[in-house]
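start08.txt, holding compact mmCIF, C-alpha atoms:
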# COMPACT_ATOMS: atom_id res chain seq x y z
CA MET A 741 0.00 0.00 0.00
CA LYS A 742 1.06 3.61 -0.48
CA ALA A 743 2.59 5.47 2.43
CA TRP A 744 4.66 8.57 3.09
CA GLU A 745 7.93 8.02 4.95
CA ILE A 746 10.62 10.22 6.45
CA ARG A 747 13.83 8.44 5.46
CA ASP A 748 16.25 11.09 6.71
CA TRP A 749 15.60 14.14 8.87
CA ASN A 750 14.91 16.66 6.11
CA PHE A 751 12.12 17.52 3.68
CA GLU A 752 13.98 16.11 0.69
CA SER A 753 13.85 12.68 2.34
CA LEU A 754 10.10 12.76 2.95
CA VAL A 755 8.97 10.52 0.10
CA LEU A 756 5.87 8.70 -1.11
CA GLY A 757 6.51 4.99 -1.41
CA GLU A 758 5.05 1.68 -0.28
CA CYS A 759 4.92 -0.21 2.98
CA PRO A 760 3.58 -3.63 3.98
CA GLU A 761 -0.11 -4.16 4.70
CA PRO A 762 -0.94 -4.02 8.44
CA VAL A 763 -1.24 -7.27 10.37
CA LEU A 764 -4.16 -7.25 12.81
CA GLY A 765 -3.93 -8.51 16.35
CA PRO A 766 -7.06 -9.75 18.17
CA ARG A 767 -7.83 -6.28 19.62
CA ASP A 768 -6.92 -4.26 16.51
CA VAL A 769 -9.12 -2.56 13.95
CA LEU A 770 -8.08 -1.93 10.36
CA LEU A 771 -8.80 1.57 9.13
CA ARG A 772 -9.04 2.87 5.59
CA ILE A 773 -7.82 6.42 6.08
CA LYS A 774 -10.23 8.96 4.62
CA ALA A 775 -8.58 12.27 5.55
CA ALA A 776 -5.73 13.68 7.63
CA SER A 777 -5.02 17.01 9.28
CA LEU A 778 -1.82 18.88 10.09
CA ASN A 779 -0.61 20.43 13.31
CA TYR A 780 2.19 22.84 14.21
CA ARG A 781 4.38 19.91 15.25
CA ASP A 782 4.29 18.11 11.91
CA PRO A 783 6.87 20.19 9.97
CA LEU A 784 9.10 20.05 13.07
CA VAL A 785 8.94 16.25 13.12
CA VAL A 786 10.29 16.04 9.56
CA GLU A 787 13.45 17.81 10.72
CA ARG A 788 13.71 15.92 14.04
CA GLY A 789 12.62 18.99 15.93
CA TYR A 790 11.90 17.03 19.11
CA GLY A 791 15.28 15.33 19.23
CA ARG A 792 15.21 11.76 20.50
CA TYR A 793 11.51 12.19 21.31
CA THR A 794 10.79 12.45 17.57
CA GLY A 795 11.32 8.75 16.94
CA GLU A 796 13.46 6.59 14.68
CA LEU A 797 13.73 6.29 10.91
CA PRO A 798 11.97 5.40 8.74
CA LEU A 799 8.92 7.17 10.18
CA ILE A 800 5.42 7.63 8.75
CA PRO A 801 4.44 11.22 9.64
CA ILE A 802 1.30 13.07 10.79
CA GLY A 803 -0.82 12.31 13.85
CA ASP A 804 -4.41 13.28 12.97
CA ALA A 805 -6.81 11.34 10.74
CA VAL A 806 -10.24 9.84 10.36
CA GLY A 807 -10.80 6.41 8.89
CA GLU A 808 -13.46 3.81 8.18
CA VAL A 809 -13.25 0.50 10.02
CA ILE A 810 -12.94 -2.16 7.32
CA GLU A 811 -11.89 -5.15 9.43
CA THR A 812 -11.72 -6.05 13.12
CA GLY A 813 -9.74 -8.51 15.19
CA ALA A 814 -11.49 -11.43 16.83
CA ALA A 815 -11.66 -9.78 20.28
CA VAL A 816 -12.84 -6.31 19.21
CA THR A 817 -16.04 -5.08 20.88
CA ARG A 818 -15.88 -1.23 20.96
CA VAL A 819 -16.39 -0.59 17.25
CA ALA A 820 -17.70 -2.40 14.17
CA VAL A 821 -17.00 -2.54 10.45
CA GLY A 822 -18.37 0.59 8.82
CA ASP A 823 -17.81 2.90 11.80
CA ARG A 824 -15.96 6.17 11.24
CA VAL A 825 -13.32 6.67 13.91
CA CYS A 826 -10.28 8.76 14.69
CA PRO A 827 -7.15 7.17 16.13
CA CYS A 828 -6.23 8.88 19.39
CA PHE A 829 -3.19 11.10 19.03
CA ASN A 830 -1.71 9.42 22.11
CA GLN A 831 -1.86 5.67 21.87
CA SER A 832 -1.37 4.88 25.56
CA TRP A 833 -3.39 7.44 27.53
CA LEU A 834 -6.92 6.30 28.31
CA ASP A 835 -7.71 8.55 31.30
CA GLY A 836 -6.20 10.00 34.45
CA PRO A 837 -3.16 12.23 34.98
CA TYR A 838 -0.42 12.70 32.43
CA ALA A 839 2.74 10.62 32.83
CA THR A 840 6.08 10.98 31.05
CA GLU A 841 5.58 7.62 29.34
CA HIS A 842 2.66 9.08 27.38
CA TRP A 843 5.03 11.28 25.38
CA TRP A 844 6.53 8.18 23.79
CA ASN A 845 3.28 6.97 22.27
CA GLN A 846 2.21 9.79 19.94
CA LEU A 847 1.24 9.08 16.35
CA GLY A 848 3.49 10.67 13.75
CA GLY A 849 6.49 10.66 16.09
CA ARG A 850 7.54 8.55 17.99
CA LEU A 851 4.99 6.05 16.60
CA ASP A 852 4.31 5.75 12.88
CA GLY A 853 1.56 8.15 11.87
CA VAL A 854 -1.43 8.23 9.56
CA MET A 855 -0.07 9.11 6.10
CA ARG A 856 -0.76 5.66 4.68
CA GLU A 857 -3.73 4.14 2.96
CA ARG A 858 -4.53 1.71 5.78
CA MET A 859 -3.42 1.32 9.38
CA ALA A 860 -4.09 -1.01 12.29
CA VAL A 861 -5.00 0.55 15.65
CA ASP A 862 -5.76 -0.98 19.05
CA GLU A 863 -9.53 -0.66 19.54
CA ARG A 864 -8.96 1.03 22.90
CA PHE A 865 -7.41 4.02 21.15
CA VAL A 866 -10.01 4.96 18.58
CA VAL A 867 -13.01 7.25 19.07
CA LYS A 868 -16.19 7.36 16.99
CA VAL A 869 -16.75 10.73 15.34
CA PRO A 870 -20.02 12.73 15.32
CA ASP A 871 -22.18 11.77 12.36
CA HIS A 872 -22.76 15.36 11.19
CA LEU A 873 -19.07 16.01 10.50
CA THR A 874 -17.50 15.52 7.09
CA ASP A 875 -14.35 13.43 6.82
CA LEU A 876 -12.27 16.59 6.44
CA GLU A 877 -13.78 18.11 9.57
CA ALA A 878 -13.51 14.91 11.60
CA ALA A 879 -9.84 14.51 10.73
CA THR A 880 -9.04 17.66 12.73
CA LEU A 881 -10.38 16.35 16.05
CA PRO A 882 -7.60 14.26 17.65
CA CYS A 883 -4.90 16.82 18.45
CA ALA A 884 -6.23 20.39 18.20
CA GLY A 885 -9.73 19.54 19.40
CA VAL A 886 -8.61 17.48 22.36
CA THR A 887 -5.93 20.05 23.24
CA ALA A 888 -8.49 22.85 23.35
CA TRP A 889 -10.84 20.71 25.44
CA SER A 890 -8.05 19.88 27.89
CA ALA A 891 -7.05 23.54 28.14
CA LEU A 892 -10.56 24.79 28.84
CA VAL A 893 -12.46 21.96 30.51
CA GLU A 894 -9.89 19.66 32.11
CA ALA A 895 -7.39 22.34 33.23
CA GLY A 896 -9.53 25.47 33.19
CA GLY A 897 -12.82 24.09 34.52
CA ILE A 898 -14.82 26.60 32.48
CA GLN A 899 -18.42 27.39 33.38
CA ALA A 900 -21.15 29.48 31.81
CA GLY A 901 -20.40 33.16 32.22
CA ASP A 902 -16.61 32.75 32.36
CA THR A 903 -14.34 34.77 30.10
CA VAL A 904 -11.89 32.94 27.84
CA LEU A 905 -9.02 34.57 25.95
CA VAL A 906 -7.80 32.85 22.77
CA GLN A 907 -4.82 33.84 20.64
CA GLY A 908 -4.87 33.96 16.85
CA SER A 909 -6.69 31.80 14.35
CA GLY A 910 -4.85 28.48 14.42
CA GLY A 911 -6.54 25.17 14.99
CA VAL A 912 -6.38 25.03 18.80
CA SER A 913 -7.52 28.64 19.20
CA LEU A 914 -10.52 28.19 16.90
CA TYR A 915 -11.48 24.96 18.65
CA ALA A 916 -11.23 26.79 21.98
CA LEU A 917 -13.50 29.54 20.64
CA LEU A 918 -16.16 27.03 19.58
CA ILE A 919 -16.00 25.05 22.81
CA ALA A 920 -16.06 28.13 25.03
CA LYS A 921 -19.14 29.51 23.28
CA ALA A 922 -20.87 26.12 23.58
CA PHE A 923 -20.30 26.36 27.35
CA GLY A 924 -21.83 29.84 27.48
CA CYS A 925 -18.56 31.71 27.95
CA ARG A 926 -17.56 35.17 26.77
CA VAL A 927 -14.59 34.99 24.35
CA ILE A 928 -11.95 37.62 23.70
CA ALA A 929 -9.74 36.81 20.71
CA THR A 930 -6.52 38.32 19.42
CA THR A 931 -5.51 38.52 15.78
CA SER A 932 -3.21 40.38 13.39
CA ASN A 933 -5.58 41.85 10.81
CA ALA A 934 -9.10 43.09 10.19
CA ALA A 935 -10.10 40.28 7.82
CA LYS A 936 -9.32 37.62 10.43
CA ALA A 937 -11.06 39.71 13.07
CA LYS A 938 -14.30 39.59 11.06
CA ARG A 939 -14.05 35.82 10.71
CA LEU A 940 -13.45 35.41 14.44
CA GLU A 941 -16.49 37.56 15.19
CA ALA A 942 -18.56 35.46 12.77
CA LEU A 943 -17.54 32.36 14.75
CA GLY A 944 -18.78 33.93 17.96
CA ALA A 945 -15.93 35.99 19.43
CA ASP A 946 -17.42 38.72 21.63
CA ALA A 947 -14.42 41.02 21.25
CA VAL A 948 -11.31 40.95 19.07
CA ILE A 949 -8.01 42.76 19.74
CA ASP A 950 -5.50 43.49 16.97
CA TYR A 951 -2.24 42.66 18.74
CA THR A 952 -0.14 44.33 16.04
CA ALA A 953 -1.85 47.67 16.67
CA ASP A 954 -2.08 47.12 20.45
CA PRO A 955 1.12 45.59 21.86
CA ASP A 956 -0.28 45.94 25.40
CA TRP A 957 -3.26 43.76 24.50
CA GLY A 958 -3.16 41.91 27.81
CA ARG A 959 -4.03 45.13 29.61
CA THR A 960 -6.74 45.85 27.04
CA ALA A 961 -8.27 42.42 27.62
CA TRP A 962 -8.16 43.04 31.38
CA ASP A 963 -9.98 46.35 30.93
CA MET A 964 -12.58 44.68 28.68
CA THR A 965 -13.56 42.45 31.60
CA GLY A 966 -14.06 45.40 33.93
CA GLY A 967 -10.84 44.65 35.74
CA THR A 968 -11.59 41.03 36.65
CA GLY A 969 -9.57 39.34 33.91
CA ALA A 970 -9.96 36.23 31.80
CA ASP A 971 -10.77 33.05 33.69
CA VAL A 972 -8.79 30.98 31.19
CA VAL A 973 -6.15 32.09 28.71
CA VAL A 974 -5.34 29.66 25.89
CA GLU A 975 -1.63 30.46 25.48
CA VAL A 976 -0.18 29.33 22.15
CA GLY A 977 2.34 32.08 21.39
CA GLY A 978 5.12 31.42 23.85
CA ALA A 979 7.88 33.93 24.50
CA ASP A 980 6.23 36.95 22.87
CA THR A 981 2.77 36.48 24.38
CA LEU A 982 3.09 34.94 27.84
CA LYS A 983 3.67 38.25 29.64
CA GLN A 984 0.50 39.67 28.09
CA SER A 985 -1.41 36.50 28.96
CA LEU A 986 -0.42 36.94 32.60
CA ARG A 987 -1.63 40.53 32.47
CA ALA A 988 -4.97 39.38 31.10
CA VAL A 989 -5.63 36.41 33.40
CA ALA A 990 -8.02 36.75 36.31
CA GLY A 991 -7.15 36.30 39.94
CA GLY A 992 -7.26 32.56 40.51
CA GLY A 993 -7.43 32.07 36.74
CA THR A 994 -5.60 29.61 34.52
CA VAL A 995 -3.09 30.11 31.74
CA SER A 996 -3.12 26.89 29.70
CA LEU A 997 0.31 26.66 28.09
CA ILE A 998 0.09 24.93 24.73
CA GLY A 999 2.48 26.40 22.17
CA ASN A 1000 5.72 28.25 21.66
CA LEU A 1001 5.16 29.81 18.25
CA SER A 1002 7.30 32.86 19.08
CA GLY A 1003 10.04 31.18 21.09
CA ASN A 1004 10.89 28.96 24.02
CA VAL A 1005 12.47 31.27 26.61
CA VAL A 1006 10.83 34.15 28.44
CA GLU A 1007 11.73 36.31 31.44
CA LEU A 1008 8.81 36.53 33.85
CA ASN A 1009 7.82 38.98 36.53
CA LEU A 1010 6.96 36.37 39.16
CA PRO A 1011 4.58 38.57 41.19
CA SER A 1012 2.34 38.66 38.10
CA VAL A 1013 1.76 34.97 38.83
CA PHE A 1014 1.67 34.62 42.60
CA LEU A 1015 -0.06 37.88 43.45
CA LYS A 1016 -2.97 36.74 41.26
CA ALA A 1017 -2.81 33.17 42.56
CA ALA A 1018 -2.85 32.28 38.86
CA ARG A 1019 -2.03 28.82 37.54
CA MET A 1020 0.11 28.02 34.53
CA VAL A 1021 -0.64 24.50 33.31
CA GLY A 1022 1.17 22.68 30.52
CA ILE A 1023 -1.19 20.94 28.10
CA VAL A 1024 -0.05 17.84 26.19
CA VAL A 1025 -3.14 17.12 24.05
CA GLY A 1026 -5.21 14.79 26.27
CA HIS A 1027 -6.51 11.30 26.97
CA ARG A 1028 -9.21 9.23 25.27
CA ALA A 1029 -11.81 10.18 27.87
CA SER A 1030 -11.35 13.86 26.96
CA PHE A 1031 -11.65 13.03 23.27
CA GLU A 1032 -14.94 11.21 23.87
CA ALA A 1033 -16.31 14.08 25.96
CA MET A 1034 -15.29 16.63 23.34
CA ALA A 1035 -16.91 14.53 20.58
CA ARG A 1036 -20.18 14.44 22.57
CA CYS A 1037 -20.08 18.21 22.95
CA PHE A 1038 -19.64 18.65 19.20
CA ALA A 1039 -22.44 16.18 18.46
CA VAL A 1040 -24.97 17.71 20.85
CA ASN A 1041 -24.21 21.30 19.82
CA ARG A 1042 -23.74 20.48 16.12
CA LEU A 1043 -20.39 22.26 16.18
CA ARG A 1044 -18.18 22.19 13.10
CA PRO A 1045 -14.40 22.54 13.16
CA VAL A 1046 -12.97 25.29 10.98
CA VAL A 1047 -11.15 23.92 7.93
CA ASP A 1048 -8.76 26.01 5.84
CA GLU A 1049 -9.98 26.96 2.38
CA ARG A 1050 -7.13 25.09 0.65
CA VAL A 1051 -7.67 21.32 0.72
CA PHE A 1052 -4.73 19.11 -0.30
CA THR A 1053 -4.62 15.64 -1.83
CA PHE A 1054 -2.71 12.62 -0.53
CA GLY A 1055 0.12 13.30 -2.95
CA GLU A 1056 0.50 16.94 -1.89
CA LEU A 1057 1.97 16.44 1.57
CA HIS A 1058 4.99 18.65 0.87
CA GLU A 1059 2.75 21.51 -0.20
CA ALA A 1060 0.49 21.06 2.84
CA LEU A 1061 3.47 21.11 5.21
CA ARG A 1062 4.79 24.27 3.59
CA ARG A 1063 1.45 26.00 4.12
CA GLN A 1064 1.43 24.87 7.74
CA ARG A 1065 4.94 26.20 8.32
CA GLU A 1066 4.27 29.53 6.58
CA GLY A 1067 1.20 30.20 8.71
CA SER A 1068 -0.87 31.59 5.83
CA PHE A 1069 -4.07 29.75 6.72
CA PHE A 1070 -7.23 30.07 8.79
CA GLY A 1071 -8.37 26.97 10.63
CA LYS A 1072 -7.05 23.47 10.10
CA ILE A 1073 -5.06 22.30 7.07
CA VAL A 1074 -6.56 19.04 5.79
CA ILE A 1075 -5.61 16.33 3.31
CA ARG A 1076 -8.16 14.14 1.53
CA PHE A 1077 -7.15 10.60 0.61
CA ASP A 1078 -9.60 9.82 -2.22

Output the file's structure as structure tokens, nothing else.
Amino acid sequence: MKAWEIRDWNFESLVLGECPEPVLGPRDVLLRIKAASLNYRDPLVVERGYGRYTGELPLIPIGDAVGEVIETGAAVTRVAVGDRVCPCFNQSWLDGPYATEHWWNQLGGRLDGVMRERMAVDERFVVKVPDHLTDLEAATLPCAGVTAWSALVEAGGIQAGDTVLVQGSGGVSLYALLIAKAFGCRVIATTSNAAKAKRLEALGADAVIDYTADPDWGRTAWDMTGGTGADVVVEVGGADTLKQSLRAVAGGGTVSLIGNLSGNVVELNLPSVFLKAARMVGIVVGHRASFEAMARCFAVNRLRPVVDERVFTFGELHEALRRQREGSFFGKIVIRFD
């Protein structure tokens, strides 16, 4: 069957070739992959951006996909042939607190990922997708969707009437916007231009701040709440945004640390944390139980993930990764397989 493989740690060695058909164990399901979705990490994986945590060569890339169950092992009971399911991004974390061992079991590095026509997955680590979603929409659920859910619900404990601050228009931030509105929260979003601001407002953002025109946007967000702050800040920017996030967060609020788009190292004014009794919590996607809860929320509320206007084909992985790395997109970058 056809599969993409990283054969050396560079883009020139990411090639489309063939790999053996999967062999099913008694608890495995065989998936025909229908669509895949990219995340910020995927271009980094190609260049071994996570060091030894990236995995070993050859490696099939990409962690997010949706597939149709076309065969099941003899002991499978959770799903049936014909079901549409997503493999969990983490293939060892069912529920409970995060442990270091969970880092080693992520699809698309360190484990082989989804860029192949068919793959076998342990039935414990697949989740049925809401019926109303298209394949392209469903493919975006496993990483960005679960990450946003973990940031807001698991770590942030959001409730109706809370204020949530989201940064930009990437996949996690847009998922967080949709989830927060479904919970009855007020959402303040940041962006870099007027066109994106209009799209964020159309998705439900109650207020949008242009961070290029307002470098002190954390203070502006604080003022927008009447001086109480955001109950949860979904922090994806890293070095250039964390100080503003701490300005914006409420007393006793949570900054859910997810990304480092602008850098890894930041100098902090520690009183901005402890005088607010604020929490900074690292988010590493989430477990299967979170995925299932998030899928129920999307089903009940008929929510639809935001997909970028440019849809790629299976053979256009290089082009899709370039678009992901350049950042010139709105929503999730998706790849259709047929």

Which distance in Å separates atom CA of Ala916 of chain A and atom CA of Gln831 of chain A, to one decimal?
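It comes out at 23.1 Å.
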
For Phe1070 of chain A, the nearest of the candidates A:Gly911, A:Gly966, A:Pro955, A:Pro1011, counting only C-alpha atoms:
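Checking each candidate against Phe1070 of chain A, we get A:Gly911 as the closest.
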
What is the atom CA of Glu975 of chain A to atom CA of Leu905 of chain A distance in Å?
8.5 Å

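As for atom CA of Lys936 of chain A and atom CA of Glu1066 of chain A, they are spaced 16.3 Å apart.
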
Tell me which residues come within 12 Å of (0.3, -7.4, 19.1), as a PyMOL selection string, counting all atoms listed in the file in the file's coordinates.
chain A and resi 762-769+813+860-863

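Among the candidates A:Val825, A:Trp749, A:Gly1071, A:Phe1054, the one nearest to Leu943 of chain A when counting only C-alpha atoms is A:Gly1071.
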
Which neighbours of Asp804 of chain A fall inside 7 Å, counting only C-alpha atoms, when residues of the same chain fewer than 4 positions from it are skipped, and could you give them as a ChimeraX atom specification?
/A:776-778,829,854,879-880,882-883

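Distance annotation: of A:Asp963, A:Asp1048, A:Glu894, A:Glu841, the residue with the minimal separation from Ile928 of chain A is A:Asp963; atom set is all atoms listed in the file.
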
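The residue that comes closest to Thr887 of chain A, out of A:Gly848, A:Gly967, A:Gly789, A:Gly1026 and on the basis of only C-alpha atoms, is A:Gly1026.
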
Min atom-atom distance to Ala1029 of chain A from the set A:Cys828, A:Ala743, A:Leu784, A:Ala820, counting all atoms listed in the file, belongs to A:Cys828

Which residues, protein or nucleic acid, reach to within 6 Å of (-8.2, 10.2, 8.6) in the file's coordinates when using all atoms listed in the file, and can you give that as a PyMOL selection string?
chain A and resi 773-776+805-807+879

Which residue, A:Leu986, A:Ala1060, A:Arg1028, A:Ala884, has the smallest gap to Gly836 of chain A when you use only C-alpha atoms?
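Looking only at the distances to Gly836 of chain A, the closest residue turns out to be A:Arg1028.
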
Got a sec: who's within 7 Å of Leu847 of chain A, counting only C-alpha atoms, leaving out chain neighbours fewer than 4 positions off, as a PyMOL selection string?
chain A and resi 802-803+829-830+851-853

Could you give me, as a PyMOL selection string, the residues within 9 Å of Gly757 of chain A, counting all atoms listed in the file and dropping anything in the same chain fewer than 6 positions from it?
chain A and resi 741-745

For Arg926 of chain A: contacts at 12 Å, only C-alpha atoms, fewer than 3 positions along chain excluded, given as an MDAnalysis selection string
chainID A and resid 898:906 916:923 929 941 944:948 961 964:965 969:973

Non-local contacts of Arg858 of chain A (7 Å; only C-alpha atoms; under 2 positions in same chain excluded) as a list of chain:residue names
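Near neighbours after the sequence-gap exclusion: A:Leu770, A:Leu771, A:Arg772, A:Ile773, A:Arg856.
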
Segment 877-894 of chain A, all listed atoms, 5 Å padding on each side: what axis-aligned box centre and edge lengths in Å to one decimal come out, as JSON?
{"center_x": -9.3, "center_y": 19.5, "center_z": 20.8, "size_x": 18.9, "size_y": 20.5, "size_z": 32.5}
